[in-house]
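The data block below is model08.txt; it holds compact mmCIF, C-alpha atoms.
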# COMPACT_ATOMS: atom_id res chain seq x y z
CA MET Z 167 -77.87 169.45 -142.85
CA GLY Z 168 -74.18 169.40 -141.87
CA GLU Z 169 -71.48 167.78 -143.91
CA GLY Z 170 -71.12 164.87 -141.50
CA GLU Z 171 -74.85 164.22 -141.48
CA HIS Z 172 -74.98 164.36 -145.25
CA ARG Z 173 -72.15 161.83 -145.42
CA THR Z 174 -74.07 159.49 -143.09
CA MET Z 175 -77.07 159.60 -145.36
CA THR Z 176 -75.00 159.10 -148.46
CA VAL Z 177 -72.91 156.20 -147.20
CA LEU Z 178 -75.75 154.27 -145.62
CA ALA Z 179 -78.37 155.03 -148.21
CA GLU Z 180 -76.12 154.30 -151.20
CA ARG Z 181 -75.05 150.95 -149.81
CA LEU Z 182 -78.34 149.83 -148.36
CA ILE Z 183 -80.96 150.99 -150.82
CA PRO Z 184 -79.92 148.61 -153.63
CA MET Z 185 -80.49 145.69 -151.26
CA THR Z 186 -84.25 146.01 -151.30
CA ALA Z 187 -86.63 146.26 -154.17
CA THR Z 188 -88.18 149.55 -153.19
CA GLY Z 189 -85.37 150.97 -151.13
CA GLU Z 190 -87.80 152.78 -148.85
CA PRO Z 191 -87.16 150.93 -145.57
CA ASP Z 192 -83.41 151.32 -145.84
CA ALA Z 193 -83.64 154.98 -146.79
CA GLU Z 194 -85.68 155.48 -143.67
CA PHE Z 195 -83.16 153.51 -141.63
CA ALA Z 196 -80.32 155.69 -142.93
CA LEU Z 197 -82.27 158.75 -141.88
CA ARG Z 198 -82.86 157.32 -138.42
CA VAL Z 199 -79.18 156.49 -138.01
CA LYS Z 200 -78.31 160.05 -138.88
CA GLU Z 201 -80.67 161.34 -136.20
CA SER Z 202 -79.60 159.05 -133.40
CA ARG Z 203 -75.99 158.08 -134.09
CA ALA Z 204 -74.38 160.66 -131.80
CA LEU Z 205 -76.76 159.92 -128.96
CA VAL Z 206 -76.36 156.16 -129.23
CA PHE Z 207 -72.59 156.47 -129.24
CA ARG Z 208 -72.65 158.86 -126.27
CA ILE Z 209 -74.79 156.44 -124.28
CA ALA Z 210 -72.46 153.55 -124.98
CA TYR Z 211 -69.41 155.67 -124.27
CA SER Z 212 -70.78 157.00 -120.99
CA VAL Z 213 -71.32 153.47 -119.72
CA LEU Z 214 -68.15 151.87 -121.10
CA ASN Z 215 -65.78 154.83 -121.09
CA ASN Z 216 -63.88 153.39 -124.01
CA ALA Z 217 -64.21 154.50 -127.62
CA ALA Z 218 -63.55 151.11 -129.23
CA ASP Z 219 -66.09 149.32 -127.04
CA ALA Z 220 -68.58 152.14 -127.52
CA GLU Z 221 -68.30 151.88 -131.30
CA GLU Z 222 -68.81 148.15 -131.24
CA VAL Z 223 -71.83 148.41 -128.96
CA SER Z 224 -73.30 151.27 -131.03
CA GLN Z 225 -72.97 149.25 -134.20
CA ASP Z 226 -74.46 146.18 -132.55
CA ALA Z 227 -77.39 148.32 -131.44
CA PHE Z 228 -77.98 149.66 -134.95
CA LEU Z 229 -77.65 146.17 -136.40
CA GLN Z 230 -80.26 144.83 -134.00
CA ALA Z 231 -82.49 147.77 -134.81
CA TYR Z 232 -82.05 147.16 -138.53
CA ARG Z 233 -83.01 143.52 -138.23
CA ARG Z 234 -86.07 144.29 -136.14
CA MET Z 235 -87.06 147.43 -137.98
CA SER Z 236 -90.31 145.81 -139.14
CA SER Z 237 -91.39 145.27 -135.52
CA LEU Z 238 -91.19 148.99 -134.75
CA ARG Z 239 -94.72 150.28 -135.15
CA GLU Z 240 -94.04 153.96 -134.71
CA ALA Z 241 -91.03 155.12 -136.69
CA GLU Z 242 -90.65 158.31 -134.68
CA LYS Z 243 -89.81 156.21 -131.63
CA PHE Z 244 -86.71 154.81 -133.30
CA ARG Z 245 -84.36 157.12 -131.40
CA ALA Z 246 -85.65 156.04 -128.00
CA TRP Z 247 -85.82 152.43 -129.09
CA VAL Z 248 -82.26 152.19 -130.37
CA SER Z 249 -81.05 154.15 -127.33
CA ARG Z 250 -82.56 151.50 -125.08
CA ILE Z 251 -80.92 148.74 -127.09
CA ALA Z 252 -77.55 150.50 -126.90
CA PHE Z 253 -77.86 151.12 -123.20
CA ARG Z 254 -78.77 147.50 -122.48
CA LEU Z 255 -75.91 146.18 -124.61
CA ALA Z 256 -73.44 148.58 -123.00
CA LEU Z 257 -74.57 147.70 -119.51
CA ASN Z 258 -74.31 143.97 -120.26
CA ARG Z 259 -70.82 144.41 -121.60
CA SER Z 260 -69.83 146.56 -118.66
CA ARG Z 261 -71.11 143.96 -116.21
CA ALA Z 262 -69.60 141.04 -118.04
CA ARG Z 263 -66.06 142.21 -118.28
CA GLY Z 264 -63.55 142.96 -115.63
CA ARG Z 265 -62.24 146.06 -117.24
CA ARG Z 266 -60.70 147.99 -114.44
CA LEU Z 267 -57.25 148.49 -115.92
CA HIS Z 268 -58.58 149.07 -119.40
CA ARG Z 269 -60.97 151.68 -118.12
CA ASP Z 270 -58.27 153.53 -116.19
CA ALA Z 271 -56.11 153.66 -119.29
CA ALA Z 272 -59.00 154.92 -121.39
CA TRP Z 273 -59.88 157.48 -118.77
CA GLN Z 274 -56.44 159.03 -119.04
CA GLY Z 275 -56.90 159.22 -122.77
CA THR Z 276 -59.94 161.45 -122.37
CA GLN Z 277 -58.16 164.30 -120.66
CA PRO Z 278 -59.21 167.69 -121.97
CA GLN Z 279 -56.85 169.17 -124.50
CA GLN Z 280 -56.81 172.68 -123.07
CA ILE Z 281 -54.96 171.68 -119.91
CA VAL Z 282 -51.31 172.58 -120.39
CA ASP Z 283 -50.12 173.24 -116.88
CA GLY Z 284 -48.56 170.03 -115.59
CA GLU Z 285 -49.43 170.57 -111.96
CA ARG Z 286 -53.01 171.45 -112.76
CA ALA Z 287 -53.25 168.56 -115.18
CA GLY Z 288 -52.12 166.18 -112.45
CA ALA Z 289 -54.66 167.57 -110.01
CA ASP Z 290 -57.42 167.38 -112.57
CA ARG Z 291 -56.49 163.84 -113.51
CA GLU Z 292 -56.57 162.83 -109.88
CA TYR Z 293 -59.93 164.53 -109.49
CA LEU Z 294 -61.34 162.79 -112.54
CA GLU Z 295 -60.07 159.41 -111.40
CA ARG Z 296 -61.59 159.87 -108.00
CA LEU Z 297 -64.84 161.03 -109.51
CA ARG Z 298 -65.03 158.04 -111.82
CA GLY Z 299 -64.22 155.72 -108.91
CA GLU Z 300 -67.01 157.21 -106.84
CA ILE Z 301 -69.46 156.83 -109.72
CA GLU Z 302 -68.45 153.18 -110.07
CA ARG Z 303 -69.10 152.61 -106.38
CA MET Z 304 -72.61 154.05 -106.52
CA PRO Z 305 -75.69 151.83 -106.52
CA GLU Z 306 -76.67 151.00 -110.08
CA LYS Z 307 -79.92 152.96 -109.92
CA LEU Z 308 -78.02 156.16 -109.23
CA ARG Z 309 -75.00 155.32 -111.37
CA VAL Z 310 -76.90 154.82 -114.61
CA VAL Z 311 -78.77 158.08 -114.10
CA VAL Z 312 -75.50 159.97 -113.59
CA LEU Z 313 -73.94 158.31 -116.63
CA LEU Z 314 -76.84 159.09 -118.91
CA GLY Z 315 -77.85 162.44 -117.43
CA SER Z 316 -74.55 164.04 -116.52
CA VAL Z 317 -71.94 162.20 -118.60
CA ALA Z 318 -73.93 161.56 -121.78
CA GLY Z 319 -75.74 164.88 -121.35
CA MET Z 320 -79.20 163.52 -121.99
CA GLU Z 321 -82.37 165.31 -120.93
CA ALA Z 322 -84.35 163.83 -118.05
CA ALA Z 323 -87.15 162.91 -120.45
CA GLU Z 324 -84.73 161.00 -122.71
CA VAL Z 325 -83.19 159.17 -119.75
CA ALA Z 326 -86.70 158.33 -118.58
CA VAL Z 327 -87.48 156.70 -121.91
CA VAL Z 328 -84.26 154.67 -121.92
CA LEU Z 329 -84.66 153.47 -118.34
CA LYS Z 330 -88.45 153.18 -118.53
CA ILE Z 331 -89.01 155.20 -115.38
CA PRO Z 332 -90.84 158.50 -114.88
CA ALA Z 333 -88.94 161.70 -115.68
CA GLY Z 334 -89.57 162.94 -112.14
CA THR Z 335 -87.82 159.87 -110.76
CA VAL Z 336 -84.88 160.54 -113.06
CA ARG Z 337 -84.59 164.12 -111.76
CA SER Z 338 -84.78 163.12 -108.11
CA ARG Z 339 -82.26 160.30 -108.57
CA LEU Z 340 -79.91 162.56 -110.47
CA HIS Z 341 -80.12 165.17 -107.77
CA LEU Z 342 -79.45 162.58 -105.07
CA ALA Z 343 -76.55 161.11 -107.03
CA ARG Z 344 -74.90 164.48 -107.63
CA LYS Z 345 -75.36 165.39 -103.98
CA ARG Z 346 -73.65 162.19 -102.91
CA LEU Z 347 -70.84 162.77 -105.35
CA LEU Z 348 -70.35 166.29 -104.14
CA GLU Z 349 -70.19 165.12 -100.55
CA VAL Z 350 -67.72 162.30 -101.16
CA MET Z 351 -65.51 164.44 -103.38
CA GLU Z 352 -65.13 166.94 -100.55
CA ARG Z 353 -63.35 164.41 -98.35
CA MET V 108 -66.18 178.55 -94.75
CA SER V 109 -68.81 177.25 -92.34
CA ALA V 110 -72.48 177.80 -92.94
CA CYS V 111 -75.25 177.87 -90.38
CA LYS V 112 -75.77 174.30 -89.30
CA GLU V 113 -79.49 174.23 -89.99
CA TRP V 114 -78.96 175.55 -93.51
CA SER V 115 -76.02 173.41 -94.65
CA ASP V 116 -78.07 170.64 -96.26
CA ARG V 117 -80.37 173.11 -97.98
CA LEU V 118 -77.35 175.00 -99.28
CA ILE V 119 -76.11 171.87 -101.03
CA ASP V 120 -79.51 171.40 -102.69
CA PHE V 121 -79.45 175.07 -103.66
CA ALA V 122 -75.98 174.80 -105.16
CA LEU V 123 -76.98 171.72 -107.13
CA GLY V 124 -79.80 173.71 -108.63
CA GLY V 125 -82.68 171.90 -107.05
CA GLY V 126 -84.53 171.73 -103.81
CA SER V 127 -87.98 172.91 -102.94
CA GLU V 128 -86.74 175.67 -100.67
CA SER V 129 -84.73 177.75 -103.10
CA ARG V 130 -86.66 180.90 -102.31
CA ALA V 131 -86.15 180.49 -98.57
CA VAL V 132 -82.42 179.87 -99.09
CA GLU V 133 -82.10 182.99 -101.23
CA MET V 134 -83.76 185.05 -98.52
CA HIS V 135 -81.40 183.62 -95.94
CA LEU V 136 -78.36 184.31 -98.08
CA GLU V 137 -79.32 187.96 -98.27
CA VAL V 138 -78.86 188.29 -94.52
CA CYS V 139 -76.12 185.71 -93.77
CA ALA V 140 -72.63 186.41 -95.09
CA GLU V 141 -71.19 183.06 -93.95
CA CYS V 142 -73.85 181.07 -95.74
CA ARG V 143 -73.45 183.27 -98.79
CA ALA V 144 -69.74 182.46 -98.89
CA ALA V 145 -70.45 178.77 -98.30
CA ALA V 146 -72.99 178.77 -101.12
CA MET V 147 -70.46 180.37 -103.46
CA GLU V 148 -67.90 177.73 -102.57
CA LEU V 149 -70.43 174.95 -103.07
CA LYS V 150 -71.42 176.33 -106.47
CA THR V 151 -67.76 176.34 -107.51
CA ARG V 152 -67.41 172.72 -106.48
CA VAL V 153 -70.61 171.74 -108.27
CA SER V 154 -69.40 173.51 -111.38
CA ARG V 155 -66.08 171.67 -111.29
CA MET V 156 -67.81 168.34 -110.83
CA ASP V 157 -70.31 168.93 -113.63
CA THR V 158 -67.54 170.09 -115.95
CA ALA V 159 -65.54 166.94 -115.24
CA LEU V 160 -68.58 164.75 -115.89
CA ARG V 161 -69.37 166.55 -119.13
CA GLN V 162 -65.77 166.33 -120.35
CA GLN V 163 -65.94 162.60 -120.22
CA GLY V 164 -69.11 162.57 -122.28
CA ASP V 165 -67.71 165.07 -124.77
CA ALA V 166 -64.98 162.58 -125.67
CA GLY V 167 -67.67 160.15 -126.81
CA VAL V 168 -67.80 160.99 -130.50
CA PRO V 169 -67.96 158.28 -133.17
CA ALA V 170 -64.71 157.85 -135.06
CA GLU V 171 -64.38 158.66 -138.75
CA GLY V 172 -65.84 155.93 -140.94
CA PHE V 173 -68.47 154.80 -138.46
CA ASP V 174 -71.16 154.78 -141.14
CA SER V 175 -69.07 152.82 -143.62
CA ARG V 176 -68.31 150.20 -141.01
CA LEU V 177 -71.97 150.00 -140.04
CA ALA V 178 -73.05 149.67 -143.66
CA ALA V 179 -70.45 146.92 -144.21
CA ARG V 180 -71.72 145.00 -141.20
CA ILE V 181 -75.29 145.32 -142.39
CA GLU V 182 -74.25 144.11 -145.84
CA ALA V 183 -72.44 141.14 -144.31
CA GLY V 184 -75.51 140.37 -142.23
CA GLN V 185 -77.68 140.43 -145.36
CA ALA V 186 -75.83 137.41 -146.69
CA SER V 187 -76.21 135.33 -143.57
CA TRP V 188 -78.59 132.38 -143.59
CA TRP V 189 -80.85 134.07 -141.13
CA ARG V 190 -81.34 137.02 -143.40
CA VAL V 191 -82.00 134.68 -146.29
CA TRP V 192 -84.47 132.76 -144.18
CA ARG V 193 -86.26 135.84 -142.94
CA GLY V 194 -86.33 137.51 -146.28
CA SER V 195 -87.53 134.57 -148.36
CA THR V 196 -91.23 133.68 -148.41
CA ARG V 197 -90.45 130.48 -150.34
CA MET V 198 -88.05 129.28 -147.62
CA ARG V 199 -90.61 129.92 -144.94
CA LEU V 200 -93.32 128.13 -146.91
CA ALA V 201 -91.07 125.10 -147.48
CA ALA V 202 -90.24 124.88 -143.78
CA ALA V 203 -93.92 125.11 -142.85
CA VAL V 204 -94.78 122.26 -145.25
CA ALA V 205 -91.96 120.12 -143.83
CA VAL V 206 -93.13 120.68 -140.26
CA CYS V 207 -96.72 119.79 -141.20
CA ALA V 208 -95.55 116.59 -142.92
CA VAL V 209 -93.61 115.48 -139.84
CA VAL V 210 -96.54 116.17 -137.53
CA VAL V 211 -99.07 114.35 -139.74
CA THR V 212 -96.76 111.34 -140.16
CA ALA V 213 -96.14 111.08 -136.42
CA ALA V 214 -99.84 111.34 -135.56
CA ALA V 215 -101.43 109.24 -138.27
CA GLY V 216 -98.55 106.94 -139.31
CA PRO V 217 -99.85 103.61 -137.86
CA ARG V 218 -103.34 104.17 -139.28
CA ILE V 219 -101.95 104.91 -142.72
CA TYR V 220 -99.83 101.71 -142.53
CA ARG V 221 -102.85 99.56 -141.64
CA ALA V 222 -104.97 101.16 -144.33
CA TRP V 223 -102.29 100.40 -146.89
CA HIS V 224 -101.49 96.77 -145.89
CA GLY V 225 -104.85 95.71 -144.45
CA GLU V 226 -105.90 94.97 -140.85
CA SER V 227 -104.63 91.33 -140.87
CA VAL V 228 -101.04 92.18 -141.34
CA GLU V 229 -99.09 91.62 -138.14
CA PRO V 230 -95.77 93.20 -137.53
CA ALA V 231 -93.25 90.74 -138.93
CA ILE V 232 -90.64 91.23 -136.30
CA THR V 233 -90.95 92.59 -132.85
CA ILE V 234 -88.18 94.25 -130.99
CA SER V 235 -88.09 91.58 -128.27
CA THR V 236 -87.41 88.68 -130.63
CA TRP V 237 -85.19 90.41 -133.03
CA GLN V 238 -81.61 89.14 -133.33
CA SER V 239 -78.74 90.53 -135.17
CA PRO V 240 -77.80 88.49 -138.26
CA THR V 241 -74.19 88.58 -137.13
CA GLU V 242 -74.88 87.28 -133.62
CA SER V 243 -73.74 83.73 -134.50
CA LEU V 244 -70.37 85.09 -135.57
CA LEU V 245 -69.72 86.21 -132.01
CA ARG V 246 -69.63 82.58 -130.78
CA MET V 247 -66.15 81.09 -130.51
CA PRO V 248 -65.35 77.47 -131.44
CA GLY V 249 -65.17 75.45 -128.24
CA GLN V 250 -67.16 78.03 -126.29
CA GLU V 251 -69.19 75.26 -124.57
CA LEU V 252 -66.02 73.47 -123.39
CA VAL V 253 -64.74 76.67 -121.86
CA SER V 254 -68.01 77.32 -120.09
CA ASN V 255 -68.03 73.75 -118.57
CA THR V 256 -64.48 73.96 -117.17
CA PRO V 257 -64.54 74.29 -113.37
CA ARG V 258 -63.87 77.79 -112.19
CA VAL V 259 -61.59 78.86 -109.37
CA GLY V 260 -63.11 77.72 -106.06
CA ASP V 261 -65.26 74.96 -107.57
CA PHE V 262 -65.25 71.62 -105.66
CA TYR V 263 -63.74 69.45 -108.39
CA PHE V 264 -62.22 66.09 -107.06
CA PRO V 265 -65.17 64.73 -105.06
CA LEU V 266 -67.28 65.05 -108.18
CA GLN V 267 -64.76 62.85 -110.06
CA GLY V 268 -64.83 60.18 -107.31
CA LYS V 269 -68.61 60.17 -107.35
CA ALA V 270 -68.57 59.75 -111.13
CA LYS V 271 -66.23 56.65 -110.84
CA ARG V 272 -68.52 55.06 -108.23
CA MET V 273 -71.44 55.53 -110.53
CA GLU V 274 -69.51 53.85 -113.39
CA LYS V 275 -68.94 50.74 -111.18
Structure translated into structure tokens:
Amino acid sequence: MGEGEHRTMTVLAERLIPMTATGEPDAEFALRVKESRALVFRIAYSVLNNAADAEEVSQDAFLQAYRRMSSLREAEKFRAWVSRIAFRLALNRSRARGRRLHRDAAWQGTQPQQIVDGERAGADREYLERLRGEIERMPEKLRVVVLLGSVAGMEAAEVAVVLKIPAGTVRSRLHLARKRLLEVMER
Amino acid sequence: MSACKEWSDRLIDFALGGGSESRAVEMHLEVCAECRAAAMELKTRVSRMDTALRQQGDAGVPAEGFDSRLAARIEAGQASWWRVWRGSTRMRLAAAVAVCAVVVTAAAGPRIYRAWHGESVEPAITISTWQSPTESLLRMPGQELVSNTPRVGDFYFPLQGKAKRMEK
């Protein structure tokens, strides 16, 4: 267990366990958060492209999961379950807000650190902006698959669980989406 | 670099790492230098695109203190009325009893009233005849005089003449 993971367990477990008589449900919740925190945040971030919004959505997702923990019959499905909640919340927020300017500003903040050459940095920034624009213009079915599969780096099986579609459909959509992106980025 | 026209679409699939004809494409690339070069170029472009997509995702890491903030929000939520309501069996039982009482009263209220007061008891006051105790206070002194005064447009003088003739 890494230091960060250990801290997650400690912070959540120490603060939550005293709230219940036995402590068991909250200890389990802390463990589940540790397992799925990075994924949940990545999902939210891939959709919203903004760290502050992604944190808020991730926390909302975990809060909802915490409140409905008793309705989850199979504890091992927590990761997929909370991922779905996070994805839905992120998508709702993304749809609800006109965030064009905000997103552009955030996009520039995510430039890779290793780029030092100004000319190359400019070209890369332009490329990234164009790429993001093309993703935004895609039909939602393809866009969400690209965001989860390519941006969030999830496996096809994980994306399938979040979107509730077969893994084969995820792969074919992802292939089609990347092909379209490649074609439009050539122009 | 231009590839053979009939292979261009399959080359894109090949460069993206999919496609059902990978083996056939590989065999073609062994004999066609132009398509080989085109495939190399496509793979470079795919790599650049995938790297750019991944970079965006890599930036999505929770900030320091995420867990503390989450724990604080959960703690705050514990104190809310909904948490109290959901967590307390007594609260739920009390609400259930209250709901039952309302339903029983609404359904069996008139029967209970008759059983208590006897069948002969008639409702003392009905809605149609009920008057407010303060209704008389709304009447002004001289209200009848005002209501008998001719209004604008009434035919007044002939009525006076007729009244004088009747007096004679």
Inset, instruction - Write out as a list in words each polymer residue whose atoms come within 7 Å of Leu149 (chain V), counting all atoms listed in the file; drop sequence neighbours fewer than 3 positions from it. - result: Ile119, Ala122, Ala145, Ala146, Arg152 and Val153 of chain V
Inset, instruction - Find the residues around Ala322 (chain Z) up to 10 Å (only C-alpha atoms counted), leave out those fewer than 5 positions away in its own chain, and share them as a PyMOL selection string. - result: chain Z and resi 311+314-316+327-328+332-338+340
Could you dump the residues just selected with C-alpha atoms as a PDB file, in the coordinates of the input?
ATOM      1  CA  VAL Z 311     -78.770 158.080-114.100  1.00  0.00           C
ATOM      2  CA  LEU Z 314     -76.840 159.090-118.910  1.00  0.00           C
ATOM      3  CA  GLY Z 315     -77.850 162.440-117.430  1.00  0.00           C
ATOM      4  CA  SER Z 316     -74.550 164.040-116.520  1.00  0.00           C
ATOM      5  CA  VAL Z 327     -87.480 156.700-121.910  1.00  0.00           C
ATOM      6  CA  VAL Z 328     -84.260 154.670-121.920  1.00  0.00           C
ATOM      7  CA  PRO Z 332     -90.840 158.500-114.880  1.00  0.00           C
ATOM      8  CA  ALA Z 333     -88.940 161.700-115.680  1.00  0.00           C
ATOM      9  CA  GLY Z 334     -89.570 162.940-112.140  1.00  0.00           C
ATOM     10  CA  THR Z 335     -87.820 159.870-110.760  1.00  0.00           C
ATOM     11  CA  VAL Z 336     -84.880 160.540-113.060  1.00  0.00           C
ATOM     12  CA  ARG Z 337     -84.590 164.120-111.760  1.00  0.00           C
ATOM     13  CA  SER Z 338     -84.780 163.120-108.110  1.00  0.00           C
ATOM     14  CA  LEU Z 340     -79.910 162.560-110.470  1.00  0.00           C
TER      15      LEU Z 340
END
Inset, instruction - Output as a PyMOL selection string the set of chain V residues within 7 Å of chain Z, with distances taken over only C-alpha atoms. - result: chain V and resi 153+159-164+166-169+174-175+177-178+181
Would you put the residues from that selection into a file with C-alpha atoms, as a PDB file, in the coordinates of the input?
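Saved file result-v6.pdb follows:
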ATOM      1  CA  VAL V 153     -70.610 171.740-108.270  1.00  0.00           C
ATOM      2  CA  ALA V 159     -65.540 166.940-115.240  1.00  0.00           C
ATOM      3  CA  LEU V 160     -68.580 164.750-115.890  1.00  0.00           C
ATOM      4  CA  ARG V 161     -69.370 166.550-119.130  1.00  0.00           C
ATOM      5  CA  GLN V 162     -65.770 166.330-120.350  1.00  0.00           C
ATOM      6  CA  GLN V 163     -65.940 162.600-120.220  1.00  0.00           C
ATOM      7  CA  GLY V 164     -69.110 162.570-122.280  1.00  0.00           C
ATOM      8  CA  ALA V 166     -64.980 162.580-125.670  1.00  0.00           C
ATOM      9  CA  GLY V 167     -67.670 160.150-126.810  1.00  0.00           C
ATOM     10  CA  VAL V 168     -67.800 160.990-130.500  1.00  0.00           C
ATOM     11  CA  PRO V 169     -67.960 158.280-133.170  1.00  0.00           C
ATOM     12  CA  ASP V 174     -71.160 154.780-141.140  1.00  0.00           C
ATOM     13  CA  SER V 175     -69.070 152.820-143.620  1.00  0.00           C
ATOM     14  CA  LEU V 177     -71.970 150.000-140.040  1.00  0.00           C
ATOM     15  CA  ALA V 178     -73.050 149.670-143.660  1.00  0.00           C
ATOM     16  CA  ILE V 181     -75.290 145.320-142.390  1.00  0.00           C
TER      17      ILE V 181
END
Excluding Trp247 (chain Z) and residues on its chain fewer than 2 positions from it, collect all residues at most 9 Å away from it, counting only C-alpha atoms, and give them as a short mmCIF file (atom, residue, chain, number, x, y, z; two decimals) with C-alpha atoms, in the frame of the given file.
data_model
loop_
_atom_site.label_atom_id
_atom_site.label_comp_id
_atom_site.auth_asym_id
_atom_site.auth_seq_id
_atom_site.Cartn_x
_atom_site.Cartn_y
_atom_site.Cartn_z
CA ALA Z 231 -82.49 147.77 -134.81
CA LEU Z 238 -91.19 148.99 -134.75
CA LYS Z 243 -89.81 156.21 -131.63
CA PHE Z 244 -86.71 154.81 -133.30
CA ARG Z 245 -84.36 157.12 -131.40
CA SER Z 249 -81.05 154.15 -127.33
CA ARG Z 250 -82.56 151.50 -125.08
CA ILE Z 251 -80.92 148.74 -127.09
CA ALA Z 252 -77.55 150.50 -126.90
CA VAL Z 327 -87.48 156.70 -121.91
CA VAL Z 328 -84.26 154.67 -121.92
#
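You will find CA of Ala222 (chain V) at 20.6 Å from CA of Cys207 (chain V).
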